[in-house]
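*Asks:* Contents of structure.cif (mmCIF, C-alpha atoms) are below:
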```
data_run
loop_
_atom_site.label_atom_id
_atom_site.label_comp_id
_atom_site.auth_asym_id
_atom_site.auth_seq_id
_atom_site.Cartn_x
_atom_site.Cartn_y
_atom_site.Cartn_z
CA MET A 812 0.00 0.00 0.00
CA MET A 813 2.74 2.48 0.94
CA ALA A 814 4.61 1.76 -2.28
CA ALA A 815 1.52 2.40 -4.40
CA LEU A 816 0.86 5.61 -2.48
CA GLY A 817 4.49 6.69 -2.87
CA TRP A 818 4.44 6.06 -6.62
CA SER A 819 1.09 7.79 -7.02
CA VAL A 820 2.13 10.92 -5.12
CA PHE A 821 5.49 10.98 -6.90
CA SER A 822 3.79 10.72 -10.30
CA VAL A 823 1.20 13.43 -9.67
CA MET A 824 3.70 15.81 -8.09
CA SER A 825 6.19 15.22 -10.92
CA VAL A 826 3.55 16.16 -13.50
CA ILE A 827 2.79 19.32 -11.51
CA ALA A 828 6.51 20.15 -11.35
CA VAL A 829 6.91 19.64 -15.10
CA LEU A 830 3.90 21.88 -15.74
CA HIS A 831 5.44 24.69 -13.67
CA ALA A 832 8.74 24.32 -15.52
CA TYR A 833 6.83 24.40 -18.84
CA TRP A 834 5.12 27.64 -17.79
CA ALA A 835 8.47 29.09 -16.69
CA PHE A 836 9.76 28.64 -20.22
CA GLY A 837 6.75 30.35 -21.78
CA GLY A 838 4.30 27.48 -22.27
CA LEU A 839 0.66 28.50 -22.38
CA TRP A 840 -1.29 25.24 -22.07
CA PRO A 841 -4.15 24.97 -21.07
CA ALA A 842 -4.84 28.51 -22.34
CA ALA A 843 -4.31 30.32 -25.63
CA THR A 844 -2.81 33.54 -24.25
CA GLU A 845 -0.76 34.50 -21.23
CA ALA A 846 -3.65 36.58 -19.83
CA ASP A 847 -5.99 33.58 -20.14
CA LEU A 848 -3.38 31.35 -18.50
CA VAL A 849 -3.20 33.75 -15.53
CA LYS A 850 -6.99 33.69 -15.21
CA THR A 851 -6.99 29.88 -15.42
CA VAL A 852 -4.14 28.80 -13.16
CA ILE A 853 -3.54 31.78 -10.84
CA GLY A 854 -6.84 33.65 -10.72
CA ILE A 855 -5.87 35.96 -7.88
CA THR A 856 -3.86 38.76 -9.40
CA ARG A 857 -4.23 42.13 -11.01
CA SER A 858 -1.49 41.25 -13.44
CA GLN A 859 -2.11 39.83 -16.89
CA THR A 860 1.33 38.16 -16.92
CA MET A 861 2.68 35.00 -15.39
CA PRO A 862 5.18 35.22 -12.55
CA PRO A 863 8.83 35.56 -13.56
CA ALA A 864 10.49 32.37 -14.81
CA PRO A 865 12.74 31.98 -11.74
CA HIS A 866 9.64 31.95 -9.50
CA SER A 867 7.94 29.24 -11.54
CA LEU A 868 11.17 27.24 -11.69
CA ALA A 869 11.55 27.52 -7.91
CA VAL A 870 8.02 26.16 -7.49
CA ALA A 871 8.85 23.33 -9.90
CA VAL A 872 11.96 22.42 -7.90
CA LEU A 873 10.11 22.50 -4.57
CA VAL A 874 7.23 20.41 -5.91
CA PHE A 875 9.67 17.87 -7.37
CA ALA A 876 11.57 17.76 -4.06
CA ALA A 877 8.30 16.97 -2.27
CA ALA A 878 7.71 14.24 -4.84
CA GLY A 879 11.14 12.85 -4.03
CA PHE A 880 10.33 12.64 -0.32
CA ALA A 881 7.15 10.71 -1.15
CA LEU A 882 9.15 8.30 -3.31
CA ALA A 883 11.88 7.89 -0.68
CA ARG A 884 9.40 7.08 2.07
CA GLY A 885 6.68 5.19 0.23
CA VAL A 886 8.71 3.19 -2.27
CA PHE A 887 12.21 2.92 -0.82
CA GLY A 888 11.13 2.79 2.80
CA PHE A 889 13.49 5.44 4.17
CA ASP A 890 12.40 5.95 7.73
CA SER A 891 14.52 8.85 9.00
CA VAL A 892 12.47 11.16 11.18
CA ILE A 893 14.62 14.21 10.47
CA PHE A 894 15.34 13.66 6.78
CA VAL A 895 12.08 12.12 5.56
CA ARG A 896 9.17 12.08 8.00
CA ILE A 897 9.42 15.72 9.12
CA PRO A 898 9.71 17.09 5.55
CA LEU A 899 6.72 14.95 4.55
CA GLY A 900 4.80 16.28 7.55
CA VAL A 901 5.65 19.87 6.64
CA VAL A 902 4.46 19.31 3.07
CA ALA A 903 1.28 17.67 4.40
CA VAL A 904 0.52 20.67 6.65
CA ILE A 905 1.16 23.13 3.79
CA MET A 906 -1.04 21.19 1.37
CA LEU A 907 -3.85 20.69 3.87
CA ALA A 908 -3.77 24.37 4.88
CA ARG A 909 -3.87 25.47 1.23
CA GLY A 910 -6.70 23.08 0.47
CA ILE A 911 -8.79 24.15 3.45
CA TYR A 912 -8.08 27.87 3.01
CA ALA A 913 -9.62 27.77 -0.45
CA TYR A 914 -13.04 27.08 1.08
CA LEU A 915 -12.86 29.85 3.70
CA PRO A 916 -13.85 33.48 3.15
CA GLY A 917 -10.88 35.50 2.02
CA LEU A 918 -8.46 35.67 -0.86
CA PHE A 919 -9.87 32.78 -2.88
CA SER A 920 -13.40 34.17 -2.70
CA ARG A 921 -12.20 37.06 -4.90
CA ALA A 922 -10.61 34.82 -7.53
CA SER A 923 -11.43 35.38 -11.17
CA GLU A 924 -13.06 32.84 -13.44
CA PRO A 925 -12.31 30.21 -14.63
CA PHE A 926 -9.83 29.75 -11.75
CA ALA A 927 -12.51 30.07 -9.05
CA THR A 928 -14.56 27.19 -10.46
CA LEU A 929 -11.51 25.06 -11.31
CA ASN A 930 -10.10 25.66 -7.84
CA ALA A 931 -13.30 24.70 -6.04
CA THR A 932 -13.92 21.69 -8.26
CA TYR A 933 -10.46 20.27 -8.99
CA PHE A 934 -7.43 22.13 -7.61
CA SER A 935 -8.33 22.33 -3.91
CA PRO A 936 -9.83 18.83 -3.62
CA GLY A 937 -6.72 17.46 -5.34
CA ILE A 938 -4.46 19.43 -3.01
CA LEU A 939 -6.42 18.12 -0.01
CA LEU A 940 -6.01 14.54 -1.26
CA LEU A 941 -2.29 15.11 -1.74
CA GLY A 942 -2.09 16.58 1.76
CA ILE A 943 -3.75 13.48 3.20
CA ALA A 944 -1.40 11.27 1.18
CA PHE A 945 1.66 13.16 2.47
CA ALA A 946 0.32 12.84 6.04
CA VAL A 947 -0.12 9.07 5.60
CA LEU A 948 3.40 8.81 4.21
CA ALA A 949 4.78 10.86 7.11
CA LEU A 950 2.92 8.98 9.84
CA GLY A 951 2.41 5.52 8.38
CA PRO A 952 4.51 2.38 8.69
CA ALA A 953 7.65 1.92 6.65
CA ALA A 954 7.35 0.21 3.26
CA ARG A 955 8.26 -3.45 3.22
#
```
Would you write the structure of this file as structure tokens?

*Replies:*
Amino acid sequence: MMAALGWSVFSVMSVIAVLHAYWAFGGLWPAATEADLVKTVIGITRSQTMPPAPHSLAVAVLVFAAAGFALARGVFGFDSVIFVRIPLGVVAVIMLARGIYAYLPGLFSRASEPFATLNATYFSPGILLLGIAFAVLALGPAAR
């Protein structure tokens, strides 16, 4: 079970990291223009431009690092509290907080469309599921 969870989280997070790297280098999918991409994947900005490439690349690196921790714990069974479990727990808390915050009054309630609908329907539930998966990896038994 832990191995399947580790591979699943690693795969999803790797795709997310690749997408951020793609956007950093000017990719526009799933939109046709940069302004539409901002409205689709960011939604909470006055700007019509994507964040600078170094910012998107930093996000890609951090997301891929989180994917690596999931792989190390779930698939390879690394059990270090300091080097694996705590980082997984930190990622779990961040993901769960982001997922929950999206449903509270505040910043996300002022998001533009189509981001607002995509966030409520897909992004935040997915982030919550990933947060739960990271928590299970952080707290669960070692892979065998």

*Asks:* Please, what distance in Å, to one decimal, runs between atom CA of A:Thr928 and atom CA of A:Ile853?

*Replies:*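 Between atom CA of A:Thr928 and atom CA of A:Ile853 the gap is 11.9 Å.
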
*Asks:* Rank nothing, just name the residue among A:Val892, A:Ala877, A:Ala869, A:Val904 nearest to A:Met824, using only C-alpha atoms.

*Replies:* A:Ala877

*Asks:* Give the centre and edge lengths of an axis-aligned box, in Å to one decimal, that holds all listed atoms of stretch 901-918 of chain A with 6 Å on each side, as AutoDock Vina command-line options.

*Replies:*
```
--center_x -4.1 --center_y 26.7 --center_z 2.9 --size_x 31.5 --size_y 30.0 --size_z 19.5
```

*Asks:* So what do you get for atom CA of A:Leu918 versus atom CA of A:His831, distance-wise?

*Replies:* 21.9 Å

*Asks:* What's the separation between atom CA of A:Ala883 and atom CA of A:Pro936, in Å to one decimal place?

*Replies:*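 Computing the Euclidean distance for atom CA of A:Ala883 and atom CA of A:Pro936 yields 24.5 Å.
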
*Asks:* Please evaluate the PyMOL selection byres ((chain A and resi 819) around 12) against the displayed coordinates and give the resulting residues as an MDAnalysis selection string.

*Replies:* chainID A and resid 812:818 820:826 878:879 881:882 885:886 940:941 944:945 948

*Asks:* Residue by residue, what does the PyMOL selection byres ((chain A and resi 903) around 9) grab here? Present the result as a PyMOL selection string.

*Replies:* chain A and resi 898-902+904-908+939+941-947+949

*Asks:* I need the residue set behind the PyMOL selection byres ((chain A and resi 935) around 9) for this file; please write it as a PyMOL selection string.

*Replies:* chain A and resi 909-914+929-934+936-940

*Asks:* Using all atoms listed in the file, which of the listed residues (A:Ser858, A:Thr844, A:Ser867, A:Thr851) sits closest to A:Ser923?

*Replies:* A:Thr851

*Asks:* Extract, using all atoms listed in the file, all DNA, RNA and protein residues at most 12 Å from A:Arg857, discarding same-chain residues fewer than 6 positions from it, and format them as a PDB file with C-alpha atoms, in the frame of the given file.

*Replies:*
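As written to disk, selection-v6.pdb reads:
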```
ATOM      1  CA  ALA A 846      -3.650  36.580 -19.830  1.00  0.00           C
ATOM      2  CA  VAL A 849      -3.200  33.750 -15.530  1.00  0.00           C
ATOM      3  CA  LYS A 850      -6.990  33.690 -15.210  1.00  0.00           C
ATOM      4  CA  ARG A 921     -12.200  37.060  -4.900  1.00  0.00           C
ATOM      5  CA  ALA A 922     -10.610  34.820  -7.530  1.00  0.00           C
ATOM      6  CA  SER A 923     -11.430  35.380 -11.170  1.00  0.00           C
TER       7      SER A 923
END
```

*Asks:* Counting only C-alpha atoms, which of A:Pro916, A:Trp834, A:Gly951, A:Pro925 gets nearest to A:Pro865?

*Replies:*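 Of all the options, A:Trp834 lies closest to A:Pro865.
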
*Asks:* If you count all atoms listed in the file, which residues fall within 12 Å of A:Gly837, apart from same-chain ones fewer than 3 positions away, as a list in words?

*Replies:*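 Once the adjacent positions are removed, what remains is Leu830, His831, Ala832, Tyr833, Trp834, Trp840, Ala842, Ala843, Thr844, Glu845, Leu848, Thr860, Met861, Pro862, Pro863, Ala864, Pro865, Ser867 and Leu868 of chain A.
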
*Asks:* Rank nothing, just name the residue among A:Ile827, A:Phe836, A:Val852, A:Ala953 nearest to A:Val895, using all atoms listed in the file.

*Replies:* A:Ala953

*Asks:* Using only C-alpha atoms, which of A:Phe894, A:Glu924, A:Phe887, A:Val874 sits nearest A:Val829?

*Replies:*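 Comparing A:Phe894, A:Glu924, A:Phe887, A:Val874 against A:Val829, the winner is A:Val874.
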